[in-house]
>>> print(open('input_3.txt').read())   # compact mmCIF, C-alpha atoms
# COMPACT_ATOMS: atom_id res chain seq x y z
CA MET A 1031 5.12 -1.96 13.62
CA LYS A 1032 8.47 -0.41 14.33
CA LYS A 1033 9.94 0.08 10.87
CA LEU A 1034 7.73 0.80 7.90
CA LEU A 1035 8.24 1.47 4.20
CA LEU A 1036 5.49 3.56 2.60
CA HIS A 1037 5.25 3.27 -1.18
CA THR A 1038 3.24 6.03 -2.86
CA LEU A 1039 3.28 8.66 -5.59
CA PRO A 1040 4.18 12.31 -4.93
CA GLY A 1041 1.19 14.43 -4.00
CA PRO A 1042 -0.23 16.56 -1.19
CA LYS A 1043 -2.34 13.83 0.42
CA ALA A 1044 0.53 11.33 0.16
CA GLU A 1045 2.80 13.81 1.97
CA GLU A 1046 0.18 14.25 4.70
CA LEU A 1047 -0.16 10.47 4.98
CA PHE A 1048 3.62 10.13 5.34
CA LYS A 1049 3.66 12.77 8.10
CA GLU A 1050 0.85 10.98 9.92
CA PHE A 1051 2.78 7.71 9.77
CA GLN A 1052 5.85 9.51 11.12
CA GLN A 1053 3.84 10.53 14.19
CA HIS A 1054 2.65 6.97 14.86
CA THR A 1055 5.62 4.83 13.84
CA GLU A 1056 9.13 4.46 15.23
CA SER A 1057 10.69 4.94 11.80
CA VAL A 1058 9.06 5.27 8.39
CA TYR A 1059 10.73 5.48 5.00
CA LEU A 1060 9.14 6.82 1.84
CA SER A 1061 9.44 5.16 -1.55
CA ARG A 1062 7.89 6.81 -4.58
CA SER A 1063 6.98 5.01 -7.78
CA GLY A 1064 9.41 2.20 -7.13
CA LEU A 1065 12.32 4.61 -7.31
CA ILE A 1066 14.02 6.01 -4.25
CA ALA A 1067 14.86 9.64 -4.97
CA ASP A 1068 18.13 9.78 -3.06
CA ALA A 1069 20.86 7.16 -3.68
CA GLN A 1070 21.93 7.18 -0.02
CA VAL A 1071 18.37 6.54 1.11
CA ALA A 1072 18.18 3.62 -1.33
CA THR A 1073 21.33 2.15 0.23
CA ASP A 1074 19.91 2.63 3.73
CA LEU A 1075 16.64 0.98 2.77
CA ALA A 1076 18.45 -2.08 1.49
CA THR A 1077 20.11 -2.53 4.90
CA GLU A 1078 17.18 -1.42 7.09
CA ASP A 1079 15.04 -4.05 8.71
CA GLN A 1080 11.56 -2.88 7.75
CA GLU A 1081 8.89 -5.16 9.05
CA SER A 1082 6.00 -3.68 7.09
CA LEU A 1083 5.31 -2.29 3.64
CA ILE A 1084 2.28 -0.13 2.95
CA ILE A 1085 1.23 0.55 -0.63
CA ALA A 1086 -1.00 3.64 -0.81
CA PHE A 1087 -2.18 5.96 -3.57
CA PRO A 1088 -4.39 8.60 -1.93
CA ASP A 1089 -3.83 11.38 -4.47
CA GLU A 1090 -5.20 11.87 -7.95
CA TYR A 1091 -2.96 9.56 -9.95
CA SER A 1092 -5.40 8.79 -12.72
CA GLN A 1093 -4.12 11.44 -15.11
CA GLY A 1094 -3.05 9.81 -18.33
CA ASP A 1095 -4.02 6.69 -20.18
CA LEU A 1096 -4.23 3.08 -19.06
CA SER A 1097 -0.55 2.25 -19.56
CA GLU A 1098 0.60 5.33 -17.63
CA THR A 1099 -1.70 4.53 -14.72
CA ILE A 1100 -0.67 0.87 -14.72
CA ASP A 1101 3.01 1.92 -14.66
CA LYS A 1102 2.45 4.46 -11.89
CA VAL A 1103 0.41 2.19 -9.67
CA LEU A 1104 0.73 -1.48 -10.48
CA THR A 1105 4.23 -1.84 -11.95
CA SER A 1106 5.87 0.33 -9.30
CA SER A 1107 4.04 -1.53 -6.53
CA PHE A 1108 5.01 -4.90 -7.98
CA LEU A 1109 8.69 -3.90 -8.04
CA GLU A 1110 8.55 -2.56 -4.47
CA ILE A 1111 6.76 -5.67 -3.19
CA GLN A 1112 9.24 -7.92 -4.99
CA LYS A 1113 12.20 -6.22 -3.26
CA PHE A 1114 10.44 -6.30 0.11
CA VAL A 1115 9.50 -9.99 -0.15
CA GLN A 1116 13.05 -11.03 -1.09
CA ILE A 1117 14.48 -9.27 1.96
CA ARG A 1118 11.77 -10.34 4.42
CA MET A 1119 11.67 -14.03 3.41
CA LYS A 1120 15.11 -14.38 4.96
CA LYS A 1121 13.73 -12.97 8.22
CA ARG A 1122 10.65 -15.24 8.00
CA PHE A 1123 8.29 -12.33 8.73
CA GLY A 1124 6.99 -9.34 6.83
CA GLN A 1125 3.68 -7.58 6.37
CA ILE A 1126 2.27 -5.93 3.28
CA LEU A 1127 -0.83 -3.80 3.44
CA CYS A 1128 -2.29 -2.27 0.28
CA LEU A 1129 -4.55 0.70 0.91
CA VAL A 1130 -6.78 0.57 -2.14
CA ASN A 1131 -9.25 3.22 -3.23
CA ALA A 1132 -12.77 2.11 -2.30
CA GLY A 1133 -13.79 2.82 -5.90
CA ALA A 1134 -11.69 -0.13 -7.08
CA ASN A 1135 -14.64 -2.42 -6.55
CA GLY A 1136 -16.19 -0.82 -9.62
CA LEU A 1137 -18.39 1.66 -7.78
CA LEU A 1138 -16.72 5.00 -8.33
CA TYR A 1139 -19.64 6.95 -6.84
CA GLY A 1140 -20.67 8.69 -10.02
CA GLU A 1141 -17.23 9.39 -11.51
CA SER A 1142 -16.85 8.46 -15.16
CA GLY A 1143 -13.82 7.72 -17.31
CA GLN A 1144 -12.02 5.95 -14.48
CA ASN A 1145 -11.76 2.44 -15.94
CA HIS A 1146 -7.97 2.50 -15.89
CA VAL A 1147 -7.97 3.43 -12.18
CA VAL A 1148 -10.24 0.51 -11.38
CA ALA A 1149 -8.00 -1.77 -13.45
CA ALA A 1150 -4.83 -0.65 -11.64
CA GLN A 1151 -6.39 -0.83 -8.17
CA GLY A 1152 -8.00 -4.19 -8.97
CA GLY A 1153 -4.57 -5.37 -10.08
CA LEU A 1154 -3.20 -4.39 -6.66
CA ILE A 1155 -5.86 -6.50 -4.99
CA GLY A 1156 -5.00 -9.51 -7.16
CA LEU A 1157 -1.27 -8.95 -6.61
CA THR A 1158 -1.73 -8.77 -2.84
CA LYS A 1159 -3.84 -11.92 -2.70
CA THR A 1160 -1.32 -13.79 -4.89
CA ILE A 1161 1.63 -12.66 -2.76
CA SER A 1162 -0.24 -13.84 0.32
CA LYS A 1163 -0.98 -17.23 -1.19
CA GLU A 1164 2.56 -17.77 -2.49
CA TYR A 1165 4.57 -16.47 0.45
CA SER A 1166 2.47 -16.94 3.60
CA LYS A 1167 4.30 -20.18 4.37
CA ARG A 1168 7.51 -18.14 4.35
CA GLY A 1169 6.20 -15.60 6.85
CA ILE A 1170 4.92 -12.91 4.49
CA ILE A 1171 1.47 -11.58 5.36
CA ALA A 1172 -0.37 -9.53 2.73
CA ASN A 1173 -3.81 -7.93 2.99
CA VAL A 1174 -5.89 -5.16 1.43
CA LEU A 1175 -7.86 -2.34 3.03
CA TYR A 1176 -10.43 -0.52 0.93
CA ILE A 1177 -10.12 3.15 1.86
CA ASP A 1178 -12.56 5.97 1.15
CA TRP A 1179 -9.83 8.61 0.88
CA ASN A 1180 -12.32 11.46 0.64
CA ASN A 1181 -14.38 10.70 3.75
CA ILE A 1182 -12.01 9.01 6.21
CA PRO A 1183 -9.48 11.27 8.01
CA LEU A 1184 -5.83 10.40 7.35
CA SER A 1185 -5.16 10.11 11.08
CA GLU A 1186 -7.82 7.39 11.33
CA ILE A 1187 -6.40 5.60 8.29
CA VAL A 1188 -2.95 5.56 9.89
CA ILE A 1189 -4.23 4.41 13.27
CA ARG A 1190 -6.32 1.64 11.67
CA SER A 1191 -3.43 0.58 9.43
CA LYS A 1192 -1.06 0.41 12.38
CA SER A 1193 -3.60 -1.52 14.43
CA PHE A 1194 -4.25 -3.87 11.54
CA LEU A 1195 -0.54 -4.58 11.10
CA THR A 1196 -0.02 -5.04 14.83
CA ASP A 1197 -3.05 -7.10 15.81
CA ASN A 1198 -3.99 -9.15 12.75
CA THR A 1199 -0.95 -11.23 11.97
CA GLN A 1200 -3.11 -14.30 11.28
CA LEU A 1201 -5.19 -12.71 8.50
CA LYS A 1202 -3.73 -13.53 5.12
CA GLY A 1203 -4.99 -12.44 1.71
CA GLN A 1204 -8.04 -10.65 3.10
CA VAL A 1205 -9.82 -7.63 1.63
CA LEU A 1206 -11.38 -5.47 4.35
CA ALA A 1207 -13.10 -2.09 4.11
CA LEU A 1208 -12.46 1.21 5.88
CA ASP A 1209 -14.90 3.27 3.91
CA GLY A 1210 -17.65 4.33 6.28
CA GLY A 1211 -19.92 1.47 5.26
CA ARG A 1212 -20.17 2.46 1.58
CA TRP A 1213 -18.81 -0.84 0.25
CA LEU A 1214 -20.93 -3.86 1.04
>>> encode(input="input_3.txt", output="C-alpha cells")
Amino acid sequence: MKKLLLHTLPGPKAEELFKEFQQHTESVYLSRSGLIADAQVATDLATEDQESLIIAFPDEYSQGDLSETIDKVLTSSFLEIQKFVQIRMKKRFGQILCLVNAGANGLLYGESGQNHVVAAQGGLIGLTKTISKEYSKRGIIANVLYIDWNNIPLSEIVIRSKSFLTDNTQLKGQVLALDGGRWL
C-alpha cells in the first residue's frame, strides 16, 4: 500500500486517523465528504496513482436527520468510490476498504436514536459488496472491516488496515470484524 486516499469527514478522530496513516504509508491523501478542499489537491489526486481507497467515519457524524447523515456518509462515499473505480479500472487493480462502525450491524450497545447511522453504515456495506461483485473481474477489490472506534486504538486500526490491504488481495466482498470480539 504505497499510495492511499482516505475519505472521511472533518473531526478530531479523523485527523488522528489521517496522521496515523501518514506514519505507516508512503503517501496518503485526504478527501472529505466527496469534496477536495483545495483545487490544486483535487488536480493532483486526479493524476496520482493511488492504489487504495479507505472510507472511514470515526467521528460523531450522526448529528442531523436521516437525509443529512445519508448525504454525509453514503452519498459522499459513493461519489468518491465512483471516481476511484473509474481511474483504477484502467490500471486493472485497486483496493477499497470501508471501515464501518461496529454498531452498523444493529447493535449500538445501548445507544438510542441512531437508526439513521445504522442505515448509512449499512448502506456502505451494501455498496462495498456491490462494487466488489461488479468490478472484481476488472481488478477492483472491495471489503469491509467492522471497527469498534471507541475500544480499538487508532494505531492498531491503521496497522490492521494496511496489513489487510497488503496481504488479502484475494478476499472480495467480505465483511470482517476488528471490534474486540463484540460482534459475532
>>> atom_distance(input="input_3.txt", atom1="atom CA of A:Leu1034", atom2="atom CA of A:Leu1083")
5.8 Å
>>> closest_residue(input="input_3.txt", among="A:Val1188, A:Leu1206, A:Leu1195, A:Val1058", to="A:Leu1175", atoms="all atoms listed in the file")
A:Leu1206
>>> closest_residue(input="input_3.txt", among="A:Glu1081, A:Phe1087, A:Val1130, A:Leu1208", to="A:Asn1181", atoms="all atoms listed in the file")
A:Leu1208
>>> closest_residue(input="input_3.txt", among="A:Asn1131, A:Glu1186, A:Leu1036, A:Lys1163", to="A:Val1148", atoms="all atoms listed in the file")
A:Asn1131
>>> closest_residue(input="input_3.txt", among="A:Cys1128, A:Leu1096, A:Leu1060, A:Ile1177", to="A:Ala1150", atoms="all atoms listed in the file")
A:Leu1096
>>> residues_around(input="input_3.txt", residues="A:Gly1203", least_positions_apart="6", cutoff="10 Å", atoms="all atoms listed in the file", output="list in words")
Ile1126, Leu1127, Ile1155, Gly1156, Leu1157, Thr1158, Lys1159, Thr1160, Ile1161, Ser1162, Lys1163, Ser1166, Ile1171, Ala1172, Asn1173 and Val1174 of chain A
>>> atom_distance(input="input_3.txt", atom1="atom CA of A:Leu1104", atom2="atom CA of A:Ala1149")
9.2 Å
>>> closest_residue(input="input_3.txt", among="A:Leu1129, A:Ala1044, A:Ile1100, A:Ile1170", to="A:Ser1191", atoms="all atoms listed in the file")
A:Leu1129
>>> atom_distance(input="input_3.txt", atom1="atom CA of A:Leu1109", atom2="atom CA of A:Leu1184")
25.5 Å
>>> closest_residue(input="input_3.txt", among="A:Ser1185, A:Glu1045, A:Asp1178, A:Arg1168", to="A:Ile1117", atoms="only C-alpha atoms")
A:Arg1168
>>> residues_around(input="input_3.txt", residues="A:Ser1107", least_positions_apart="5", cutoff="10 Å", atoms="only C-alpha atoms", output="list of chain:residue names")
A:His1037, A:Thr1038, A:Ser1061, A:Arg1062, A:Ser1063, A:Gly1064, A:Ile1084, A:Ile1085, A:Ala1086, A:Ile1100, A:Asp1101, A:Lys1102, A:Gln1112, A:Lys1113, A:Cys1128, A:Leu1154, A:Leu1157, A:Thr1158
>>> decode(input="input_3.txt", residues="stretch 1153-1200 of chain A", atoms="N, CA and C atoms", output="PDB file, in the first residue's frame")
ATOM      1  N   GLY A1153     -25.721   0.928   4.424  1.00  0.00           N
ATOM      2  CA  GLY A1153     -25.624   1.262   3.004  1.00  0.00           C
ATOM      3  C   GLY A1153     -24.200   1.152   2.492  1.00  0.00           C
ATOM      4  N   LEU A1154     -23.230   1.539   3.313  1.00  0.00           N
ATOM      5  CA  LEU A1154     -21.815   1.394   2.932  1.00  0.00           C
ATOM      6  C   LEU A1154     -21.439  -0.068   2.735  1.00  0.00           C
ATOM      7  N   ILE A1155     -21.970  -0.915   3.604  1.00  0.00           N
ATOM      8  CA  ILE A1155     -21.681  -2.344   3.475  1.00  0.00           C
ATOM      9  C   ILE A1155     -22.250  -2.869   2.160  1.00  0.00           C
ATOM     10  N   GLY A1156     -23.508  -2.538   1.880  1.00  0.00           N
ATOM     11  CA  GLY A1156     -24.122  -2.968   0.623  1.00  0.00           C
ATOM     12  C   GLY A1156     -23.404  -2.406  -0.585  1.00  0.00           C
ATOM     13  N   LEU A1157     -23.012  -1.138  -0.518  1.00  0.00           N
ATOM     14  CA  LEU A1157     -22.278  -0.507  -1.618  1.00  0.00           C
ATOM     15  C   LEU A1157     -20.953  -1.225  -1.861  1.00  0.00           C
ATOM     16  N   THR A1158     -20.235  -1.521  -0.794  1.00  0.00           N
ATOM     17  CA  THR A1158     -18.938  -2.189  -0.915  1.00  0.00           C
ATOM     18  C   THR A1158     -19.089  -3.578  -1.525  1.00  0.00           C
ATOM     19  N   LYS A1159     -20.066  -4.330  -1.054  1.00  0.00           N
ATOM     20  CA  LYS A1159     -20.276  -5.673  -1.591  1.00  0.00           C
ATOM     21  C   LYS A1159     -20.683  -5.622  -3.067  1.00  0.00           C
ATOM     22  N   THR A1160     -21.490  -4.644  -3.436  1.00  0.00           N
ATOM     23  CA  THR A1160     -21.920  -4.498  -4.831  1.00  0.00           C
ATOM     24  C   THR A1160     -20.743  -4.106  -5.714  1.00  0.00           C
ATOM     25  N   ILE A1161     -19.926  -3.166  -5.258  1.00  0.00           N
ATOM     26  CA  ILE A1161     -18.733  -2.769  -6.017  1.00  0.00           C
ATOM     27  C   ILE A1161     -17.834  -3.982  -6.228  1.00  0.00           C
ATOM     28  N   SER A1162     -17.658  -4.774  -5.186  1.00  0.00           N
ATOM     29  CA  SER A1162     -16.827  -5.968  -5.299  1.00  0.00           C
ATOM     30  C   SER A1162     -17.371  -6.927  -6.348  1.00  0.00           C
ATOM     31  N   LYS A1163     -18.671  -7.154  -6.291  1.00  0.00           N
ATOM     32  CA  LYS A1163     -19.287  -8.095  -7.229  1.00  0.00           C
ATOM     33  C   LYS A1163     -19.194  -7.593  -8.669  1.00  0.00           C
ATOM     34  N   GLU A1164     -19.440  -6.302  -8.864  1.00  0.00           N
ATOM     35  CA  GLU A1164     -19.454  -5.749 -10.217  1.00  0.00           C
ATOM     36  C   GLU A1164     -18.070  -5.565 -10.822  1.00  0.00           C
ATOM     37  N   TYR A1165     -17.088  -5.229 -10.006  1.00  0.00           N
ATOM     38  CA  TYR A1165     -15.798  -4.816 -10.557  1.00  0.00           C
ATOM     39  C   TYR A1165     -14.625  -5.731 -10.225  1.00  0.00           C
ATOM     40  N   SER A1166     -14.852  -6.832  -9.516  1.00  0.00           N
ATOM     41  CA  SER A1166     -13.724  -7.702  -9.174  1.00  0.00           C
ATOM     42  C   SER A1166     -13.055  -8.297 -10.412  1.00  0.00           C
ATOM     43  N   LYS A1167     -13.815  -8.534 -11.455  1.00  0.00           N
ATOM     44  CA  LYS A1167     -13.226  -9.062 -12.691  1.00  0.00           C
ATOM     45  C   LYS A1167     -12.350  -8.034 -13.394  1.00  0.00           C
ATOM     46  N   ARG A1168     -12.513  -6.775 -12.998  1.00  0.00           N
ATOM     47  CA  ARG A1168     -11.698  -5.695 -13.572  1.00  0.00           C
ATOM     48  C   ARG A1168     -10.594  -5.251 -12.626  1.00  0.00           C
ATOM     49  N   GLY A1169     -10.343  -6.068 -11.595  1.00  0.00           N
ATOM     50  CA  GLY A1169      -9.220  -5.807 -10.705  1.00  0.00           C
ATOM     51  C   GLY A1169      -9.513  -4.946  -9.492  1.00  0.00           C
ATOM     52  N   ILE A1170     -10.764  -4.647  -9.235  1.00  0.00           N
ATOM     53  CA  ILE A1170     -11.113  -3.828  -8.078  1.00  0.00           C
ATOM     54  C   ILE A1170     -11.527  -4.747  -6.930  1.00  0.00           C
ATOM     55  N   ILE A1171     -10.842  -4.618  -5.810  1.00  0.00           N
ATOM     56  CA  ILE A1171     -11.113  -5.414  -4.623  1.00  0.00           C
ATOM     57  C   ILE A1171     -11.768  -4.506  -3.601  1.00  0.00           C
ATOM     58  N   ALA A1172     -12.897  -4.926  -3.046  1.00  0.00           N
ATOM     59  CA  ALA A1172     -13.603  -4.111  -2.054  1.00  0.00           C
ATOM     60  C   ALA A1172     -14.034  -4.989  -0.887  1.00  0.00           C
ATOM     61  N   ASN A1173     -13.742  -4.534   0.322  1.00  0.00           N
ATOM     62  CA  ASN A1173     -14.083  -5.260   1.538  1.00  0.00           C
ATOM     63  C   ASN A1173     -14.495  -4.286   2.635  1.00  0.00           C
ATOM     64  N   VAL A1174     -15.041  -4.841   3.707  1.00  0.00           N
ATOM     65  CA  VAL A1174     -15.499  -4.048   4.849  1.00  0.00           C
ATOM     66  C   VAL A1174     -14.836  -4.575   6.112  1.00  0.00           C
ATOM     67  N   LEU A1175     -14.418  -3.665   6.978  1.00  0.00           N
ATOM     68  CA  LEU A1175     -13.975  -4.007   8.325  1.00  0.00           C
ATOM     69  C   LEU A1175     -14.894  -3.320   9.318  1.00  0.00           C
ATOM     70  N   TYR A1176     -15.552  -4.113  10.184  1.00  0.00           N
ATOM     71  CA  TYR A1176     -16.274  -3.523  11.296  1.00  0.00           C
ATOM     72  C   TYR A1176     -15.234  -3.037  12.295  1.00  0.00           C
ATOM     73  N   ILE A1177     -15.374  -1.802  12.738  1.00  0.00           N
ATOM     74  CA  ILE A1177     -14.416  -1.226  13.683  1.00  0.00           C
ATOM     75  C   ILE A1177     -15.170  -0.761  14.926  1.00  0.00           C
ATOM     76  N   ASP A1178     -14.658  -1.113  16.093  1.00  0.00           N
ATOM     77  CA  ASP A1178     -15.156  -0.553  17.342  1.00  0.00           C
ATOM     78  C   ASP A1178     -14.268   0.656  17.643  1.00  0.00           C
ATOM     79  N   TRP A1179     -14.683   1.815  17.130  1.00  0.00           N
ATOM     80  CA  TRP A1179     -13.859   3.029  17.204  1.00  0.00           C
ATOM     81  C   TRP A1179     -13.544   3.439  18.635  1.00  0.00           C
ATOM     82  N   ASN A1180     -14.390   3.072  19.572  1.00  0.00           N
ATOM     83  CA  ASN A1180     -14.182   3.509  20.954  1.00  0.00           C
ATOM     84  C   ASN A1180     -13.207   2.633  21.724  1.00  0.00           C
ATOM     85  N   ASN A1181     -13.017   1.397  21.313  1.00  0.00           N
ATOM     86  CA  ASN A1181     -12.205   0.466  22.105  1.00  0.00           C
ATOM     87  C   ASN A1181     -10.959  -0.056  21.399  1.00  0.00           C
ATOM     88  N   ILE A1182     -10.788   0.246  20.133  1.00  0.00           N
ATOM     89  CA  ILE A1182      -9.601  -0.200  19.397  1.00  0.00           C
ATOM     90  C   ILE A1182      -8.729   1.029  19.134  1.00  0.00           C
ATOM     91  N   PRO A1183      -7.459   1.011  19.527  1.00  0.00           N
ATOM     92  CA  PRO A1183      -6.583   2.165  19.279  1.00  0.00           C
ATOM     93  C   PRO A1183      -6.424   2.441  17.776  1.00  0.00           C
ATOM     94  N   LEU A1184      -6.345   3.729  17.431  1.00  0.00           N
ATOM     95  CA  LEU A1184      -6.215   4.103  16.016  1.00  0.00           C
ATOM     96  C   LEU A1184      -4.972   3.496  15.382  1.00  0.00           C
ATOM     97  N   SER A1185      -3.882   3.402  16.142  1.00  0.00           N
ATOM     98  CA  SER A1185      -2.660   2.810  15.581  1.00  0.00           C
ATOM     99  C   SER A1185      -2.907   1.361  15.167  1.00  0.00           C
ATOM    100  N   GLU A1186      -3.668   0.622  15.964  1.00  0.00           N
ATOM    101  CA  GLU A1186      -3.978  -0.766  15.611  1.00  0.00           C
ATOM    102  C   GLU A1186      -4.882  -0.824  14.393  1.00  0.00           C
ATOM    103  N   ILE A1187      -5.837   0.085  14.308  1.00  0.00           N
ATOM    104  CA  ILE A1187      -6.731   0.132  13.150  1.00  0.00           C
ATOM    105  C   ILE A1187      -5.931   0.364  11.879  1.00  0.00           C
ATOM    106  N   VAL A1188      -4.983   1.283  11.926  1.00  0.00           N
ATOM    107  CA  VAL A1188      -4.157   1.590  10.752  1.00  0.00           C
ATOM    108  C   VAL A1188      -3.278   0.405  10.387  1.00  0.00           C
ATOM    109  N   ILE A1189      -2.647  -0.203  11.373  1.00  0.00           N
ATOM    110  CA  ILE A1189      -1.774  -1.349  11.094  1.00  0.00           C
ATOM    111  C   ILE A1189      -2.577  -2.506  10.513  1.00  0.00           C
ATOM    112  N   ARG A1190      -3.747  -2.780  11.087  1.00  0.00           N
ATOM    113  CA  ARG A1190      -4.601  -3.863  10.560  1.00  0.00           C
ATOM    114  C   ARG A1190      -5.123  -3.545   9.165  1.00  0.00           C
ATOM    115  N   SER A1191      -5.486  -2.284   8.934  1.00  0.00           N
ATOM    116  CA  SER A1191      -5.967  -1.882   7.605  1.00  0.00           C
ATOM    117  C   SER A1191      -4.873  -2.053   6.574  1.00  0.00           C
ATOM    118  N   LYS A1192      -3.677  -1.604   6.912  1.00  0.00           N
ATOM    119  CA  LYS A1192      -2.546  -1.719   5.985  1.00  0.00           C
ATOM    120  C   LYS A1192      -2.243  -3.191   5.706  1.00  0.00           C
ATOM    121  N   SER A1193      -2.226  -3.995   6.768  1.00  0.00           N
ATOM    122  CA  SER A1193      -1.985  -5.421   6.601  1.00  0.00           C
ATOM    123  C   SER A1193      -3.067  -6.067   5.744  1.00  0.00           C
ATOM    124  N   PHE A1194      -4.307  -5.689   5.996  1.00  0.00           N
ATOM    125  CA  PHE A1194      -5.419  -6.241   5.235  1.00  0.00           C
ATOM    126  C   PHE A1194      -5.290  -5.899   3.756  1.00  0.00           C
ATOM    127  N   LEU A1195      -4.921  -4.663   3.451  1.00  0.00           N
ATOM    128  CA  LEU A1195      -4.791  -4.245   2.058  1.00  0.00           C
ATOM    129  C   LEU A1195      -3.581  -4.876   1.394  1.00  0.00           C
ATOM    130  N   THR A1196      -2.551  -5.177   2.161  1.00  0.00           N
ATOM    131  CA  THR A1196      -1.327  -5.746   1.608  1.00  0.00           C
ATOM    132  C   THR A1196      -1.431  -7.253   1.408  1.00  0.00           C
ATOM    133  N   ASP A1197      -1.995  -7.942   2.403  1.00  0.00           N
ATOM    134  CA  ASP A1197      -1.934  -9.401   2.418  1.00  0.00           C
ATOM    135  C   ASP A1197      -3.166 -10.117   1.876  1.00  0.00           C
ATOM    136  N   ASN A1198      -4.282  -9.449   1.790  1.00  0.00           N
ATOM    137  CA  ASN A1198      -5.535 -10.136   1.461  1.00  0.00           C
ATOM    138  C   ASN A1198      -6.106  -9.707   0.121  1.00  0.00           C
ATOM    139  N   THR A1199      -5.313  -9.785  -0.902  1.00  0.00           N
ATOM    140  CA  THR A1199      -5.778  -9.335  -2.211  1.00  0.00           C
ATOM    141  C   THR A1199      -6.727 -10.328  -2.874  1.00  0.00           C
ATOM    142  N   GLN A1200      -6.931 -11.493  -2.270  1.00  0.00           N
ATOM    143  CA  GLN A1200      -7.865 -12.465  -2.846  1.00  0.00           C
ATOM    144  C   GLN A1200      -9.248 -12.395  -2.218  1.00  0.00           C
TER     145      GLN A1200
END
